[in-house]
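Below: upload-v8.tsv (TSV, C-alpha atoms)
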chain	number	residue	atom	x	y	z
A	524	MET	CA	42.49	-26.02	-44.75
A	525	SER	CA	40.69	-22.95	-46.02
A	526	ALA	CA	37.31	-24.64	-45.48
A	527	ALA	CA	38.31	-25.61	-41.93
A	528	GLY	CA	39.54	-22.05	-41.38
A	529	LYS	CA	36.26	-20.59	-42.67
A	530	LYS	CA	34.34	-22.92	-40.38
A	531	ALA	CA	36.52	-21.89	-37.42
A	532	ILE	CA	35.96	-18.20	-38.18
A	533	GLY	CA	32.15	-18.71	-38.54
A	534	ALA	CA	31.85	-20.85	-35.37
A	535	PRO	CA	30.86	-17.98	-33.00
A	536	GLY	CA	28.23	-16.80	-35.52
A	537	TYR	CA	27.00	-20.33	-35.93
A	538	GLY	CA	26.72	-20.64	-32.08
A	539	VAL	CA	24.60	-17.47	-31.89
A	540	VAL	CA	22.28	-18.71	-34.63
A	541	GLU	CA	22.02	-22.06	-32.86
A	542	TRP	CA	21.17	-20.28	-29.59
A	543	ILE	CA	18.51	-18.11	-31.28
A	544	SER	CA	16.88	-21.10	-32.97
A	545	THR	CA	16.86	-23.01	-29.64
A	546	ALA	CA	15.29	-20.00	-27.93
A	547	CYS	CA	12.64	-19.73	-30.66
A	548	ARG	CA	11.85	-23.44	-30.42
A	549	PHE	CA	11.55	-23.10	-26.62
A	550	ALA	CA	9.30	-20.03	-26.90
A	551	THR	CA	6.92	-21.68	-29.36
A	552	ASP	CA	6.78	-25.18	-27.83
A	553	ARG	CA	3.36	-25.23	-26.22
A	554	ASN	CA	3.95	-28.66	-24.70
A	555	ASP	CA	6.92	-27.55	-22.62
A	556	PHE	CA	5.98	-26.98	-18.95
A	557	ARG	CA	8.86	-24.58	-18.18
A	558	ARG	CA	8.04	-22.48	-21.22
A	559	ASN	CA	4.35	-22.32	-20.31
A	560	LEU	CA	5.28	-21.44	-16.72
A	561	LEU	CA	7.55	-18.55	-17.81
A	562	VAL	CA	5.02	-17.24	-20.31
A	563	ASN	CA	2.19	-17.37	-17.79
A	564	LEU	CA	4.28	-15.73	-15.06
A	565	GLY	CA	5.05	-12.95	-17.52
A	566	LEU	CA	1.35	-12.63	-18.36
A	567	PHE	CA	0.52	-12.48	-14.64
A	568	ALA	CA	3.06	-9.70	-14.11
A	569	ALA	CA	1.69	-7.84	-17.15
A	570	GLY	CA	-1.86	-8.23	-15.82
A	571	VAL	CA	-0.86	-6.83	-12.43
A	572	TRP	CA	0.89	-3.88	-14.17
A	573	VAL	CA	-2.21	-3.18	-16.28
A	574	ALA	CA	-4.48	-3.37	-13.22
A	575	ARG	CA	-2.30	-0.95	-11.25
A	576	ASN	CA	-1.55	1.57	-13.99
A	577	LEU	CA	-4.24	1.56	-16.64
A	578	SER	CA	-7.43	1.36	-14.63
A	579	ASP	CA	-7.85	4.89	-13.33
A	580	PHE	CA	-10.72	6.11	-15.47
A	581	ASP	CA	-14.18	7.29	-14.49
A	582	LEU	CA	-16.99	5.82	-16.55
A	583	MET	CA	-19.64	8.23	-15.26
A	584	SER	CA	-17.67	11.39	-15.94
A	585	PRO	CA	-19.37	13.84	-18.35
A	586	GLN	CA	-18.43	13.62	-22.01
A	587	PRO	CA	-15.96	16.26	-23.25
A	588	ILE	CA	-17.59	19.00	-25.37
A	589	ILE	CA	-15.68	19.52	-28.60
B	837	THR	CA	-0.14	26.70	50.72
B	838	SER	CA	2.42	29.19	51.97
B	839	SER	CA	1.83	32.90	52.34
B	840	SER	CA	3.64	33.68	49.07
B	841	GLY	CA	1.07	31.63	47.19
B	842	VAL	CA	3.37	28.77	46.27
B	843	VAL	CA	1.70	25.41	46.54
B	844	GLN	CA	3.63	23.12	48.81
B	845	GLY	CA	3.90	19.65	47.38
B	846	ALA	CA	4.01	16.46	49.32
B	847	PRO	CA	7.39	15.37	50.72
B	848	GLY	CA	9.70	14.62	47.82
B	849	LEU	CA	7.65	16.59	45.25
B	850	VAL	CA	8.59	20.00	43.76
B	851	SER	CA	6.46	23.01	44.77
B	852	VAL	CA	4.95	25.09	41.92
B	853	PRO	CA	3.41	28.58	42.02
B	854	PRO	CA	-0.37	28.74	41.63
B	855	GLY	CA	-1.45	28.69	37.97
B	856	PHE	CA	1.44	26.43	36.93
B	857	SER	CA	1.43	22.68	36.62
B	858	MET	CA	4.17	20.10	36.59
B	859	PRO	CA	4.97	18.63	33.17
B	860	SER	CA	3.69	15.05	32.81
B	861	VAL	CA	6.22	12.30	33.38
B	862	PRO	CA	6.42	9.70	30.58
B	863	PRO	CA	5.68	6.12	31.69
B	864	PRO	CA	8.78	4.05	32.45
B	865	SER	CA	9.93	1.99	29.41
B	866	PHE	CA	10.70	-1.67	29.99
B	867	PRO	CA	13.72	-3.33	28.40
B	868	GLY	CA	12.92	-4.72	24.98
B	869	GLN	CA	10.08	-2.31	24.34
B	870	PRO	CA	11.00	0.45	21.84
B	871	ALA	CA	10.20	3.97	23.00
B	872	GLY	CA	7.00	5.38	21.57
B	873	GLU	CA	5.40	1.99	20.81
B	874	THR	CA	1.74	2.23	21.63
B	875	GLY	CA	1.11	-1.56	21.23
B	876	SER	CA	-1.91	-1.14	18.91
B	877	PRO	CA	-3.59	-4.54	18.51
B	878	LEU	CA	-3.40	-6.44	15.20
B	879	PRO	CA	-6.71	-7.02	13.42
B	880	ASN	CA	-8.20	-10.45	12.94
B	881	PRO	CA	-7.07	-11.60	9.46
B	882	GLY	CA	-10.34	-13.32	8.48
B	883	THR	CA	-10.55	-16.93	7.36
B	884	TYR	CA	-8.14	-18.90	5.21
B	885	GLU	CA	-10.71	-19.51	2.47
B	886	GLU	CA	-11.56	-15.82	2.12
B	887	CYS	CA	-8.05	-14.79	1.11
B	888	HIS	CA	-8.46	-15.56	-2.60
B	889	ARG	CA	-12.21	-14.89	-2.63
B	890	LYS	CA	-12.08	-11.16	-3.33
B	891	CYS	CA	-10.28	-11.77	-6.60
B	892	LYS	CA	-12.40	-14.78	-7.55
B	893	GLU	CA	-15.63	-12.79	-7.13
B	894	VAL	CA	-14.57	-10.42	-9.90
B	895	PHE	CA	-14.65	-13.19	-12.51
B	896	PRO	CA	-17.89	-14.11	-14.34
B	897	ILE	CA	-19.48	-17.50	-13.69
B	898	GLN	CA	-20.10	-19.71	-16.67
B	899	MET	CA	-23.81	-19.94	-17.47
B	900	GLU	CA	-25.58	-22.43	-19.70
B	901	GLY	CA	-29.25	-22.76	-20.49
B	902	VAL	CA	-32.13	-20.95	-18.91
B	903	ARG	CA	-32.77	-20.50	-15.20
B	904	LEU	CA	-35.75	-18.93	-13.49
B	905	VAL	CA	-35.40	-18.16	-9.79
B	906	VAL	CA	-38.26	-16.91	-7.64
B	907	ASN	CA	-37.34	-15.76	-4.13
B	908	LYS	CA	-40.03	-15.12	-1.57
B	909	GLY	CA	-39.41	-13.82	1.93
B	910	LEU	CA	-42.05	-15.14	4.29
B	911	SER	CA	-40.75	-13.25	7.31
B	912	ASN	CA	-37.61	-11.49	8.56
B	913	HIS	CA	-36.17	-14.89	9.40
B	914	PHE	CA	-37.47	-17.22	6.71
B	915	GLN	CA	-37.15	-17.21	2.93
B	916	VAL	CA	-38.00	-19.79	0.26
B	917	SER	CA	-36.90	-20.04	-3.35
B	918	HIS	CA	-38.06	-21.93	-6.42
B	919	THR	CA	-35.58	-22.61	-9.22
B	920	VAL	CA	-36.46	-24.03	-12.62
B	921	THR	CA	-33.51	-24.97	-14.84
B	922	LEU	CA	-33.61	-25.83	-18.54
B	923	SER	CA	-30.31	-27.01	-19.96
B	924	THR	CA	-28.84	-29.15	-22.72
B	925	LEU	CA	-25.56	-30.01	-20.93
B	926	ALA	CA	-26.81	-30.58	-17.38
B	927	GLU	CA	-30.02	-32.07	-16.03
B	928	SER	CA	-33.11	-29.88	-16.30
B	929	GLY	CA	-35.29	-29.78	-13.25
B	930	TYR	CA	-36.83	-27.98	-10.33
B	931	ARG	CA	-35.20	-27.12	-7.02
B	932	PHE	CA	-36.86	-25.91	-3.82
B	933	GLY	CA	-34.75	-23.97	-1.35
B	934	ALA	CA	-35.33	-22.61	2.13
B	935	THR	CA	-33.26	-20.33	4.35
B	936	TYR	CA	-33.79	-19.70	8.05
B	937	VAL	CA	-31.87	-17.05	9.96
B	938	GLY	CA	-32.14	-17.15	13.75
B	939	THR	CA	-32.56	-14.44	16.34
B	940	GLN	CA	-29.09	-14.45	17.91
B	941	GLN	CA	-27.63	-11.29	16.41
B	942	THR	CA	-23.85	-11.02	16.62
B	943	GLY	CA	-23.30	-8.13	14.23
B	944	PRO	CA	-25.11	-5.60	12.04
B	945	ALA	CA	-25.62	-8.12	9.24
B	946	GLU	CA	-25.00	-11.41	11.06
B	947	SER	CA	-27.53	-13.51	12.89
B	948	PHE	CA	-27.34	-17.10	13.97
B	949	PRO	CA	-28.17	-19.93	13.59
B	950	VAL	CA	-28.37	-20.00	9.80
B	951	MET	CA	-29.97	-23.01	8.13
B	952	VAL	CA	-29.88	-23.29	4.35
B	953	GLY	CA	-31.23	-26.22	2.39
B	954	ASP	CA	-32.42	-27.11	-1.05
B	955	MET	CA	-33.86	-30.21	-2.63
B	956	ASP	CA	-34.41	-31.03	-6.27
B	957	ASN	CA	-37.06	-33.10	-8.03
B	958	THR	CA	-34.96	-36.29	-7.60
B	959	ALA	CA	-34.91	-35.75	-3.80
B	960	SER	CA	-31.21	-34.88	-3.74
B	961	LEU	CA	-30.55	-32.63	-0.77
B	962	ASN	CA	-27.95	-29.95	0.04
B	963	ALA	CA	-28.14	-28.62	3.58
B	964	GLN	CA	-25.98	-26.45	5.83
B	965	VAL	CA	-26.32	-25.33	9.42
B	966	ILE	CA	-24.04	-22.54	10.67
B	967	HIS	CA	-24.09	-21.52	14.31
B	968	GLN	CA	-22.05	-19.20	16.50
B	969	LEU	CA	-21.39	-21.29	19.61
B	970	THR	CA	-19.52	-18.56	21.53
B	971	SER	CA	-18.25	-15.10	20.64
B	972	ALA	CA	-15.12	-16.66	19.14
B	973	VAL	CA	-16.21	-20.13	18.03
B	974	ARG	CA	-18.33	-20.82	14.96
B	975	SER	CA	-19.42	-24.24	13.76
B	976	LYS	CA	-20.84	-25.52	10.49
B	977	ILE	CA	-22.37	-28.82	9.41
B	978	ALA	CA	-22.96	-29.54	5.71
B	979	ILE	CA	-24.65	-32.52	4.11
B	980	GLN	CA	-25.12	-33.48	0.48
B	981	THR	CA	-27.16	-36.43	-0.72
B	982	GLN	CA	-27.79	-37.88	-4.15
B	983	GLN	CA	-31.34	-39.16	-3.91
B	984	HIS	CA	-31.26	-41.39	-0.83
B	985	LYS	CA	-27.48	-41.85	-0.66
B	986	PHE	CA	-25.21	-39.60	1.44
B	987	VAL	CA	-22.43	-38.27	-0.78
B	988	ASN	CA	-20.77	-35.62	1.39
B	989	TRP	CA	-21.00	-34.87	5.08
B	990	GLN	CA	-18.69	-32.54	6.89
B	991	CYS	CA	-18.37	-30.62	10.10
B	992	ASP	CA	-16.10	-27.71	10.83
B	993	LEU	CA	-15.14	-25.59	13.78
B	994	GLU	CA	-13.59	-22.15	13.53
B	995	TYR	CA	-11.93	-20.14	16.30
B	996	ARG	CA	-11.34	-16.41	15.82
B	997	GLY	CA	-8.74	-14.93	18.10
B	998	ASP	CA	-7.68	-11.31	18.35
B	999	ASP	CA	-5.07	-11.59	15.62
B	1000	PHE	CA	-5.45	-15.11	14.28
B	1001	THR	CA	-8.03	-17.55	12.96
B	1002	SER	CA	-7.83	-21.30	13.15
B	1003	ALA	CA	-10.25	-23.86	11.75
B	1004	VAL	CA	-10.59	-27.63	11.65
B	1005	THR	CA	-12.79	-29.47	9.17
B	1006	LEU	CA	-13.73	-33.14	9.34
B	1007	GLY	CA	-14.89	-34.43	5.97
B	1008	ASN	CA	-16.76	-37.68	5.27
B	1009	PRO	CA	-15.69	-39.40	8.47
B	1010	ASP	CA	-16.49	-43.11	8.45
B	1011	VAL	CA	-15.64	-44.85	11.71
B	1012	LEU	CA	-16.59	-48.32	10.43
B	1013	LEU	CA	-14.47	-48.05	7.30
B	1014	GLY	CA	-11.69	-46.06	8.98
B	1015	SER	CA	-11.69	-43.31	6.35
B	1016	GLY	CA	-12.06	-39.58	6.33
B	1017	ILE	CA	-10.43	-36.25	5.62
B	1018	ILE	CA	-9.16	-33.70	8.13
B	1019	VAL	CA	-8.31	-30.16	7.03
B	1020	ALA	CA	-6.65	-27.71	9.40
B	1021	HIS	CA	-6.22	-23.99	8.66
B	1022	TYR	CA	-4.32	-21.31	10.52
B	1023	LEU	CA	-3.98	-17.64	9.58
B	1024	GLN	CA	-1.98	-15.11	11.64
B	1025	SER	CA	-1.75	-11.34	11.29
B	1026	ILE	CA	1.89	-10.28	11.27
B	1027	SER	CA	1.14	-6.62	10.71
B	1028	PRO	CA	-2.06	-4.69	9.86
B	1029	ALA	CA	-1.37	-5.40	6.18
B	1030	LEU	CA	0.45	-8.74	6.22
B	1031	ALA	CA	-0.92	-12.14	7.15
B	1032	PHE	CA	0.67	-15.58	6.92
B	1033	GLY	CA	-1.05	-18.90	7.17
B	1034	GLY	CA	-0.94	-22.58	6.45
B	1035	GLU	CA	-3.16	-25.49	5.52
B	1036	LEU	CA	-2.77	-29.18	6.31
B	1037	VAL	CA	-4.94	-31.78	4.57
B	1038	TYR	CA	-4.79	-35.35	5.83
B	1039	HIS	CA	-6.81	-38.06	4.13
B	1040	ARG	CA	-7.16	-41.70	5.02
B	1041	ARG	CA	-8.73	-44.71	3.33
B	1042	PRO	CA	-8.29	-48.42	4.00
B	1043	GLY	CA	-4.80	-49.21	2.82
B	1044	GLU	CA	-3.90	-45.61	1.96
B	1045	GLU	CA	-3.22	-42.35	3.73
B	1046	GLY	CA	-1.52	-39.10	2.82
B	1047	ALA	CA	-1.08	-35.47	3.74
B	1048	VAL	CA	-0.64	-32.24	1.77
B	1049	THR	CA	0.53	-28.96	3.25
B	1050	SER	CA	0.55	-25.46	1.83
B	1051	LEU	CA	1.61	-22.03	3.02
B	1052	MET	CA	-0.07	-18.74	2.28
B	1053	GLY	CA	0.85	-15.09	2.47
B	1054	ARG	CA	-1.48	-12.14	1.96
B	1055	TYR	CA	-0.65	-8.44	1.67
B	1056	THR	CA	-3.45	-5.87	1.82
B	1057	GLY	CA	-2.79	-2.39	0.48
B	1058	ASN	CA	-5.01	0.69	0.30
B	1059	ASN	CA	-6.95	-0.57	-2.68
B	1060	TYR	CA	-5.42	-3.93	-3.49
B	1061	VAL	CA	-4.94	-7.40	-2.08
B	1062	ALA	CA	-2.16	-9.74	-3.19
B	1063	THR	CA	-2.26	-13.36	-2.07
B	1064	LEU	CA	0.10	-16.25	-2.75
B	1065	THR	CA	-0.38	-19.90	-1.83
B	1066	LEU	CA	2.45	-22.40	-2.28
B	1067	GLY	CA	2.13	-26.07	-1.58
B	1068	GLY	CA	2.70	-29.60	-2.66
B	1069	ALA	CA	-0.21	-29.35	-5.09
B	1070	GLY	CA	1.20	-26.28	-6.81
B	1071	ALA	CA	1.03	-22.50	-6.68
B	1072	HIS	CA	-1.90	-20.11	-6.67
B	1073	ALA	CA	-1.45	-16.35	-6.84
B	1074	THR	CA	-4.18	-13.72	-7.03
B	1075	TYR	CA	-4.07	-9.95	-7.28
B	1076	TYR	CA	-7.20	-7.89	-6.64
B	1077	HIS	CA	-7.27	-4.18	-7.42
B	1078	ARG	CA	-10.08	-1.72	-6.74
B	1079	ALA	CA	-9.49	1.06	-9.24
B	1080	ASN	CA	-12.50	3.13	-8.18
B	1081	ASP	CA	-16.13	2.70	-7.08
B	1082	GLN	CA	-17.06	1.34	-10.50
B	1083	LEU	CA	-14.12	-0.79	-11.57
B	1084	GLN	CA	-12.51	-3.77	-9.91
B	1085	LEU	CA	-9.86	-5.96	-11.52
B	1086	GLY	CA	-8.49	-9.37	-10.74
B	1087	VAL	CA	-5.51	-11.34	-12.03
B	1088	GLU	CA	-5.09	-15.00	-11.15
B	1089	PHE	CA	-2.24	-17.45	-11.71
B	1090	GLU	CA	-2.57	-21.20	-11.12
B	1091	GLY	CA	0.12	-23.78	-11.57
B	1092	SER	CA	0.08	-27.48	-10.80
B	1093	MET	CA	3.19	-29.66	-10.65
B	1094	ARG	CA	1.04	-32.77	-10.69
B	1095	THR	CA	-0.74	-32.05	-13.97
B	1096	GLN	CA	2.18	-29.94	-15.33
B	1097	GLU	CA	-0.19	-27.15	-16.30
B	1098	THR	CA	-0.28	-23.42	-15.68
B	1099	ALA	CA	-2.95	-20.82	-16.43
B	1100	VAL	CA	-3.44	-17.09	-16.04
B	1101	SER	CA	-6.81	-15.31	-15.99
B	1102	PHE	CA	-7.57	-11.62	-16.14
B	1103	GLY	CA	-11.00	-10.40	-15.07
B	1104	TYR	CA	-12.78	-7.15	-14.41
B	1105	GLN	CA	-16.06	-6.03	-12.92
B	1106	LEU	CA	-17.92	-2.86	-13.84
B	1107	ASP	CA	-20.55	-1.78	-11.36
B	1108	LEU	CA	-22.88	1.04	-12.38
B	1109	PRO	CA	-25.56	1.33	-9.69
B	1110	LYS	CA	-27.05	4.41	-11.38
B	1111	ALA	CA	-27.74	2.27	-14.42
B	1112	ASN	CA	-28.61	-0.81	-12.29
B	1113	LEU	CA	-25.98	-2.65	-14.25
B	1114	LEU	CA	-23.21	-5.08	-13.35
B	1115	PHE	CA	-20.82	-6.36	-16.01
B	1116	LYS	CA	-18.10	-8.95	-15.53
B	1117	GLY	CA	-15.60	-9.98	-18.18
B	1118	SER	CA	-12.65	-12.32	-18.29
B	1119	VAL	CA	-9.95	-13.63	-20.60
B	1120	ASP	CA	-7.46	-16.36	-19.84
B	1121	SER	CA	-4.38	-18.06	-21.23
B	1122	ASN	CA	-6.42	-21.03	-22.48
B	1123	TRP	CA	-8.05	-18.71	-25.02
B	1124	VAL	CA	-11.36	-18.59	-23.15
B	1125	VAL	CA	-13.23	-15.28	-23.24
B	1126	GLY	CA	-16.34	-14.82	-21.12
B	1127	ALA	CA	-18.73	-12.16	-19.95
B	1128	VAL	CA	-21.84	-11.84	-17.80
B	1129	LEU	CA	-24.19	-8.88	-17.82
B	1130	GLU	CA	-26.66	-8.38	-14.94
B	1131	LYS	CA	-29.35	-5.78	-15.13
B	1132	LYS	CA	-32.05	-4.93	-12.62
B	1133	LEU	CA	-35.30	-4.17	-14.39
B	1134	LEU	CA	-36.61	-1.61	-11.95
B	1135	PRO	CA	-39.29	-0.82	-10.86
B	1136	LEU	CA	-40.11	-4.53	-11.26
B	1137	PRO	CA	-38.48	-6.80	-8.64
B	1138	LEU	CA	-36.76	-8.54	-11.50
B	1139	SER	CA	-33.17	-8.97	-12.55
B	1140	LEU	CA	-31.89	-10.42	-15.77
B	1141	ALA	CA	-28.46	-11.99	-16.29
B	1142	LEU	CA	-26.98	-12.83	-19.70
B	1143	GLY	CA	-23.78	-14.79	-19.97
B	1144	ALA	CA	-21.59	-16.13	-22.76
B	1145	PHE	CA	-18.32	-18.02	-22.84
B	1146	LEU	CA	-16.22	-18.68	-25.93
B	1147	ASN	CA	-13.35	-21.14	-26.08
B	1148	GLN	CA	-11.25	-20.18	-29.10
B	1149	LYS	CA	-8.96	-23.19	-28.85
B	1150	LYS	CA	-11.68	-25.83	-28.69
B	1151	ASN	CA	-14.14	-23.87	-30.85
B	1152	THR	CA	-16.94	-24.14	-28.30
B	1153	PHE	CA	-19.49	-21.55	-27.28
B	1154	GLN	CA	-21.86	-21.49	-24.30
B	1155	CYS	CA	-24.49	-18.95	-23.44
B	1156	GLY	CA	-27.27	-18.73	-20.94
B	1157	PHE	CA	-29.64	-16.40	-19.21
B	1158	ASN	CA	-31.12	-16.18	-15.75
B	1159	VAL	CA	-34.20	-14.39	-14.57
B	1160	THR	CA	-34.47	-13.73	-10.84
B	1161	VAL	CA	-37.71	-12.56	-9.28
B	1162	GLY	CA	-37.61	-11.14	-5.76

Any chance you could put this one into structure tokens?
Amino acid sequence: MSAAGKKAIGAPGYGVVEWISTACRFATDRNDFRRNLLVNLGLFAAGVWVARNLSDFDLMSPQPII
Amino acid sequence: TSSSGVVQGAPGLVSVPPGFSMPSVPPPSFPGQPAGETGSPLPNPGTYEECHRKCKEVFPIQMEGVRLVVNKGLSNHFQVSHTVTLSTLAESGYRFGATYVGTQQTGPAESFPVMVGDMDNTASLNAQVIHQLTSAVRSKIAIQTQQHKFVNWQCDLEYRGDDFTSAVTLGNPDVLLGSGIIVAHYLQSISPALAFGGELVYHRRPGEEGAVTSLMGRYTGNNYVATLTLGGAGAHATYYHRANDQLQLGVEFEGSMRTQETAVSFGYQLDLPKANLLFKGSVDSNWVVGAVLEKKLLPLPLSLALGAFLNQKKNTFQCGFNVTVG
């Protein structure tokens, strides 16, 4: 009874752990097409953000004098 | 005019004193036309193939082995080239090329007809003829042979309207066998920045035929171009950004439902004309890192290109260099 009660109390925690481990397995499974698609879409968005925000520098500007 | 100096108008018109003029009457607006619309024409959107090209040109091309290219212009219209290639992966050999540009000038840097051909030491030929038939119609014929056998032959026709471009390509038509490929492109300007288009590919062989369609959208900003192509074959998205005169960046996404693969590439191009230097670098999601450095060795009419590609996943490395004279 007490063991069943303990299991009932720990069920939500056990569900969260199960969800986290499923998410980790999904994120690291290189053979999964959906996972690769999501990762690459995220990389594409990150690349566009970098191109738009981190590329405004002038290579031929004079060096700062310290 | 009357004695008081007032100018008498024609019957029905108001008289005004000398030195004054009637205010101008706005043109009558027709139903359906919003007031103030000047009706400025939409620009021609270019060709379907060019939409992704700006981004693709930022990426370095994989080089392997040694290549020596000697270009010689014999006149304003005719140029020949000699190419010697030494390679471990591909066939080493010699290639002779010739380019003829005609006298029909249609623009500041465009003259027609253009004939380009090259032949290697095994007598394999690549040839193209491009001609502007009318002010809006351009045609192209391309042929590729492997020694004496015809491998590819195609003909295309392109029509450029005021705000659209359409093209039809006929590839490897064989009337006796009943086979061939037809590709149709259409690109329409919706606004000065937005263009939509589509592609239809129909192929036929004895006992088999099929068609693939895809749709494309392109948005052009002040210093960027974003293009997306969606079709049965998959998705292709490119983003090109011109940060300044020296730096251009490109991001490319490709996904195929058929092969269940996706890939992202990030590339950049540094152009330093004061240093006669051009550098292109790229990195992609398949753990391939590559770079090409091009340097003009002025005052000699010589340019040197060094390239290297490293595949971290497969542990392979390729490098090459090209010398171009003329």

Within 8 Å of chain A, which residues of chain B come that close, and what is the closest atom pair and distance in Å for each? Count all atoms listed in the file and give it as a Markdown table.
| residue | atom | partner | partner_atom | distance |
| --- | --- | --- | --- | --- |
| B:Tyr1075 | CA | A:Val571 | CA | 6.8 |
| B:His1077 | CA | A:Ala574 | CA | 6.5 |
| B:Ala1079 | CA | A:Ser578 | CA | 5.8 |
| B:Asn1080 | CA | A:Asp579 | CA | 7.2 |
| B:Gln1082 | CA | A:Leu582 | CA | 7.5 |
| B:Leu1083 | CA | A:Ser578 | CA | 7.7 |
| B:Leu1085 | CA | A:Ala574 | CA | 6.2 |
| B:Gly1086 | CA | A:Ala574 | CA | 7.6 |
| B:Val1087 | CA | A:Gly570 | CA | 6.1 |
| B:Glu1088 | CA | A:Phe567 | CA | 7.1 |
| B:Phe1089 | CA | A:Phe567 | CA | 6.4 |
| B:Gly1091 | CA | A:Leu560 | CA | 7.7 |
| B:Gln1096 | CA | A:Phe556 | CA | 6.0 |
| B:Glu1097 | CA | A:Phe556 | CA | 6.7 |
| B:Thr1098 | CA | A:Leu560 | CA | 6.0 |
| B:Ala1099 | CA | A:Asn563 | CA | 6.3 |
| B:Val1100 | CA | A:Asn563 | CA | 5.9 |
| B:Ser1101 | CA | A:Phe567 | CA | 8.0 |
| B:Phe1102 | CA | A:Gly570 | CA | 6.6 |
| B:Ser1121 | CA | A:Asn563 | CA | 7.4 |

Got a sec: who's within 7 Å of Leu1142 in chain B, counting all atoms listed in the file, leaving out chain neighbours fewer than 2 positions off, as a short mmCIF file (atom, residue, chain, number, x, y, z; two decimals) with C-alpha atoms, keeping the file's coordinate frame?
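Dumped everything to around02.cif:
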data_model
loop_
_atom_site.label_atom_id
_atom_site.label_comp_id
_atom_site.auth_asym_id
_atom_site.auth_seq_id
_atom_site.Cartn_x
_atom_site.Cartn_y
_atom_site.Cartn_z
CA VAL B 1128 -21.84 -11.84 -17.80
CA LEU B 1129 -24.19 -8.88 -17.82
CA GLU B 1130 -26.66 -8.38 -14.94
CA LEU B 1140 -31.89 -10.42 -15.77
CA GLY B 1156 -27.27 -18.73 -20.94
CA PHE B 1157 -29.64 -16.40 -19.21
CA ASN B 1158 -31.12 -16.18 -15.75
#

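Atom to atom, CA of Leu1133 in chain B and CA of Leu910 in chain B stand 22.7 Å apart.
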
Given the point (-10.0, -15.5, -3.6) in the file's coordinates, find the residues that have an atom at most 10 Å from it, counting all atoms listed in the file, and give them as an mmCIF file with C-alpha atoms, keeping the file's coordinate frame.
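File produced: part.cif:
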data_model
loop_
_atom_site.group_PDB
_atom_site.id
_atom_site.type_symbol
_atom_site.label_atom_id
_atom_site.label_comp_id
_atom_site.auth_asym_id
_atom_site.auth_seq_id
_atom_site.Cartn_x
_atom_site.Cartn_y
_atom_site.Cartn_z
ATOM 1 C CA TYR B 884 -8.140 -18.900 5.210
ATOM 2 C CA GLU B 885 -10.710 -19.510 2.470
ATOM 3 C CA GLU B 886 -11.560 -15.820 2.120
ATOM 4 C CA CYS B 887 -8.050 -14.790 1.110
ATOM 5 C CA HIS B 888 -8.460 -15.560 -2.600
ATOM 6 C CA ARG B 889 -12.210 -14.890 -2.630
ATOM 7 C CA LYS B 890 -12.080 -11.160 -3.330
ATOM 8 C CA CYS B 891 -10.280 -11.770 -6.600
ATOM 9 C CA LYS B 892 -12.400 -14.780 -7.550
ATOM 10 C CA GLU B 893 -15.630 -12.790 -7.130
ATOM 11 C CA VAL B 894 -14.570 -10.420 -9.900
ATOM 12 C CA VAL B 1061 -4.940 -7.400 -2.080
ATOM 13 C CA ALA B 1062 -2.160 -9.740 -3.190
ATOM 14 C CA THR B 1063 -2.260 -13.360 -2.070
ATOM 15 C CA HIS B 1072 -1.900 -20.110 -6.670
ATOM 16 C CA ALA B 1073 -1.450 -16.350 -6.840
ATOM 17 C CA THR B 1074 -4.180 -13.720 -7.030
ATOM 18 C CA TYR B 1075 -4.070 -9.950 -7.280
ATOM 19 C CA TYR B 1076 -7.200 -7.890 -6.640
ATOM 20 C CA GLY B 1086 -8.490 -9.370 -10.740
ATOM 21 C CA GLU B 1088 -5.090 -15.000 -11.150
#

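Residue nearest Tyr930 in chain B within the list B:Asp956, B:Gly909, B:Gln980, B:Ser1027: B:Asp956 [criterion: smallest interatomic distance, only C-alpha atoms].
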
How far is it from CA of Leu1030 in chain B to CA of Gly1053 in chain B, in Å with one decimal?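 Interatomic distance, CA of Leu1030 in chain B to CA of Gly1053 in chain B: 7.4 Å.
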